[in-house]
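Shown next, in structure tokens, is the structure this report addresses.
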Amino acid sequence: MTSRVPDTNTKSDQALAGWEIASVVISCLIAEWVVLAFAGNSKGVLAIPVTLALAFMVFSHRARGESLRDIGFRLDNFVAATRLLLLPTVLTGALMLLFVWLLRGPEFRLAPFRLRLLTFPLWALFQQYALQGFINRRAQLALGRGLKSILAVSLVFSLVHLPNPLLAGLTLIGGMLWSAVYQRTPNLFALALSHATLSLLLALSLPTNLLYNLRVGLKYFG
Amino acid sequence: MKLAHALIAKSMAELILVAALAVSFYLAAFPPSIHGWGEARPHGIAGWAVNHHKPWARLQVQLFIDGKFEASTMAYRSRPDVVAAGWSKDEWHGYEFEALATPAPGRHEARVYALNSSRHGAQQTLQMVGDPIWFDVDDQGIWHPLPDHELLTRRGQ
């Protein structure tokens with residue numbers, strides 16, 4: 001069920017995998033912090049680091065001989081991955097709702113649905129591709145399968161959600177869950193489903209003053 | 001192309017992007033085309049301010065004395081000497097800060113800043129025009145510019 005992660009025999013290849021992770025994370029940080037600080041909400045400028053990161057990830061997959069199926073764009077293990085994710089997703093969602101209900105008491109109610117929320121599944125798929133399909137696979141090359149690489153991936157996921165403290169904390173936990181499942185059963189569609197479900201619950205249930213509209217990077221302060 | 005080469009190329013591209021963004025931001029927020037000058041007069045500060053990129057625009061200038069905001073005005077008064085010296089295309093770039101609260105007797109520092117608007121007004125920055133203006137206030141409340149030799153010593157600090 002697990003996917004083929006290219007073999008790495010040398011220290012230099014492990015280091016290269018580490019640099020690949022760093023490079024993609026730096027692109028994210030440039031998009032979140034530098035572009036907004038210097039170019040405002042210019043989508044054209046924002047597209048540059050995003051495109052560079054995407055182009056590099058595609059190049060890296062090709063250079064390492066990874067197919068779409070290897071990365072996790074597949075359906076054969078969708079049910080198995082969904083089974084693995086179902087209980088933790090439901091539990092996490094229930095805990096989140098319980099937390100919000102305790103926090104807000106009788107004022108608790110779900111926010112009205114907005115059209116923007118329809119993009120969550122696609123956005124979740126993109127994030128899971130970058131996080132698992134690329135960073136997790138490179139982390140396994142650099143650190144091996146297991147706890148070390150799972151922790152590294154979740155830390156990276158949390159880092160790019162700073163300085164939003166709630167999101168950074170939640171993505172650390174979510175990152176660990178999704179990374180562990182990916183290493184066992186790499187299916188990005190199932191991960192995106194879990195990710196989108198929890199994000200929707202967050203966006204609909206948590207008050208804006210806690211969530212800051214899911215803002216990260218410099219936008220968090222704006 | 002090897003993976004390491006792609007990594008280096010991407011890093012270089014991002015370095016250039018960040019540098020270009022930083023420089024363009026700096027040029028928009030603090031345009032080097034803004035010039036000006038100011039001096040102490042017996043009852044205030046006067047001078048001129050011009051933006052070479054927008055030679056027909058009148059700049060708003062703000063006065064700070066000893067680091068505290070004092071007053072704001074438009075630089076639209078007649079200064080034919082500024083045109084004659086080649087600093088501007090028309091004479092209407094002078095400013096005067098008068099009728100200010102007289103500072104306590106002693107030495108003070110004034111700074112004049114031009115207000116610059118960028119990103120369609122989303123950002124406004126203050127850019128100092130000319131040098132800091134040092135002056136002494138005597139017991140009668142008259143402002144006196146510092147003698148040249150003292151000014152040179154201050155600027156050398």
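In the structure tokens, chains take letters A, B, ... by order of appearance, with residues numbered from 1 within each chain and ligands from 1 in the order shown.
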
- Message: Using only C-alpha atoms and a cut-off of 12 Å, which residues of chain B sit close to chain A? Please list them as a count of residues only.
- Response: 34

- Surrounding residues of B:His108 excluding itself and chain neighbours under 6 positions, 9 Å, only C-alpha atoms, as a list of chain:residue names: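 Returned residues: B:Ile65, B:Asp66, B:Ile133, B:Trp134, B:Phe135, B:Asp136, B:Val137.
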
- Message: Please return, as a PyMOL selection string, all residues of stretch 19-115 of chain B that DSSP assigns to strand (DSSP E or B) on the basis of the backbone.
- Response: chain B and resi 34-41+44-51+60-65+68-74+77-78+92-97+106-115

- Query: Which one is closest to B:Asp90: B:Met74, B:Leu63, B:Met128, B:Ala49? Count only C-alpha atoms.
  - Reply: B:Ala49

- Sel. of alpha helix (DSSP H) residues, stretch 30-219 of chain A, as an MDAnalysis selection string: chainID A and resid 35:39 43:63 68:71 78:104 120:128 137:143 147:159 165:184 188:205 208:211

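Among B:Val129, B:Val83, B:Ala71, B:Leu100, the residue with the shortest atom-to-atom distance to B:Gly44, counting only C-alpha atoms, is B:Leu100.
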
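For the pair atom CA of A:Phe221 and atom CA of A:Tyr129, the interatomic distance is 27.5 Å.
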
- Message: Would you pick out the contacts of stretch 178-190 of chain A at 7 Å or less, using only C-alpha atoms, so that residues sharing its chain but fewer than 4 positions from it are not included, and give the list as a PyMOL selection string?
- Response: chain A and resi 1-3+72-74+77-78+81-82+84+125+128-129+132+136+150+153+174+194

Residues just named, written with N, CA and C atoms as a PDB file, in the first residue's frame:
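Written output follows (again03.pdb):
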```
ATOM      1  N   MET A   1       0.819  -1.212   0.000  1.00  0.00           N
ATOM      2  CA  MET A   1       0.000   0.000   0.000  1.00  0.00           C
ATOM      3  C   MET A   1       0.855   1.265   0.000  1.00  0.00           C
ATOM      4  N   THR A   2       2.042   1.188   0.643  1.00  0.00           N
ATOM      5  CA  THR A   2       2.883   2.383   0.682  1.00  0.00           C
ATOM      6  C   THR A   2       3.453   2.642  -0.703  1.00  0.00           C
ATOM      7  N   SER A   3       3.825   3.888  -0.951  1.00  0.00           N
ATOM      8  CA  SER A   3       4.346   4.217  -2.274  1.00  0.00           C
ATOM      9  C   SER A   3       5.855   4.094  -2.266  1.00  0.00           C
ATOM     10  N   GLY A  72       0.709  10.186  -4.852  1.00  0.00           N
ATOM     11  CA  GLY A  72      -0.536  10.013  -4.090  1.00  0.00           C
ATOM     12  C   GLY A  72      -1.785  10.422  -4.831  1.00  0.00           C
ATOM     13  N   PHE A  73      -1.635  10.791  -6.114  1.00  0.00           N
ATOM     14  CA  PHE A  73      -2.816  11.095  -6.930  1.00  0.00           C
ATOM     15  C   PHE A  73      -3.320   9.772  -7.505  1.00  0.00           C
ATOM     16  N   ARG A  74      -4.058   9.045  -6.711  1.00  0.00           N
ATOM     17  CA  ARG A  74      -4.515   7.710  -7.100  1.00  0.00           C
ATOM     18  C   ARG A  74      -5.823   7.403  -6.372  1.00  0.00           C
ATOM     19  N   ASN A  77      -6.150   3.262  -3.360  1.00  0.00           N
ATOM     20  CA  ASN A  77      -6.066   3.169  -1.896  1.00  0.00           C
ATOM     21  C   ASN A  77      -6.904   4.244  -1.197  1.00  0.00           C
ATOM     22  N   PHE A  78      -7.848   4.827  -1.951  1.00  0.00           N
ATOM     23  CA  PHE A  78      -8.661   5.908  -1.385  1.00  0.00           C
ATOM     24  C   PHE A  78      -9.491   5.417  -0.190  1.00  0.00           C
ATOM     25  N   ALA A  81      -7.258   4.686   2.833  1.00  0.00           N
ATOM     26  CA  ALA A  81      -6.782   5.920   3.472  1.00  0.00           C
ATOM     27  C   ALA A  81      -7.933   6.616   4.205  1.00  0.00           C
ATOM     28  N   THR A  82      -9.119   6.611   3.586  1.00  0.00           N
ATOM     29  CA  THR A  82     -10.280   7.249   4.221  1.00  0.00           C
ATOM     30  C   THR A  82     -10.613   6.545   5.534  1.00  0.00           C
ATOM     31  N   LEU A  84      -8.554   5.026   7.483  1.00  0.00           N
ATOM     32  CA  LEU A  84      -7.550   5.436   8.477  1.00  0.00           C
ATOM     33  C   LEU A  84      -7.843   6.833   9.024  1.00  0.00           C
ATOM     34  N   LEU A 125      -6.383  20.170  -1.249  1.00  0.00           N
ATOM     35  CA  LEU A 125      -5.645  19.214  -2.095  1.00  0.00           C
ATOM     36  C   LEU A 125      -4.277  19.774  -2.469  1.00  0.00           C
ATOM     37  N   GLN A 128      -2.064  19.624   0.608  1.00  0.00           N
ATOM     38  CA  GLN A 128      -1.646  18.256   0.923  1.00  0.00           C
ATOM     39  C   GLN A 128      -0.637  17.739  -0.105  1.00  0.00           C
ATOM     40  N   TYR A 129      -0.812  18.182  -1.360  1.00  0.00           N
ATOM     41  CA  TYR A 129       0.182  17.780  -2.367  1.00  0.00           C
ATOM     42  C   TYR A 129       1.561  18.322  -1.977  1.00  0.00           C
ATOM     43  N   GLN A 132       2.557  16.676   1.689  1.00  0.00           N
ATOM     44  CA  GLN A 132       2.828  15.227   1.717  1.00  0.00           C
ATOM     45  C   GLN A 132       3.525  14.772   0.433  1.00  0.00           C
ATOM     46  N   ASN A 136       6.827  15.612   2.588  1.00  0.00           N
ATOM     47  CA  ASN A 136       6.891  14.346   3.328  1.00  0.00           C
ATOM     48  C   ASN A 136       7.816  13.353   2.614  1.00  0.00           C
ATOM     49  N   ILE A 150       7.916  12.489  10.258  1.00  0.00           N
ATOM     50  CA  ILE A 150       6.540  12.953  10.551  1.00  0.00           C
ATOM     51  C   ILE A 150       6.598  14.261  11.329  1.00  0.00           C
ATOM     52  N   VAL A 153       7.749  17.166   9.054  1.00  0.00           N
ATOM     53  CA  VAL A 153       6.685  17.646   8.159  1.00  0.00           C
ATOM     54  C   VAL A 153       5.678  18.497   8.933  1.00  0.00           C
ATOM     55  N   GLY A 174      -2.611  18.426  13.164  1.00  0.00           N
ATOM     56  CA  GLY A 174      -3.118  17.888  11.897  1.00  0.00           C
ATOM     57  C   GLY A 174      -1.993  17.375  11.024  1.00  0.00           C
ATOM     58  N   SER A 194     -10.201  15.060   4.391  1.00  0.00           N
ATOM     59  CA  SER A 194     -10.089  15.260   5.840  1.00  0.00           C
ATOM     60  C   SER A 194      -9.714  16.712   6.151  1.00  0.00           C
TER      61      SER A 194
END
```
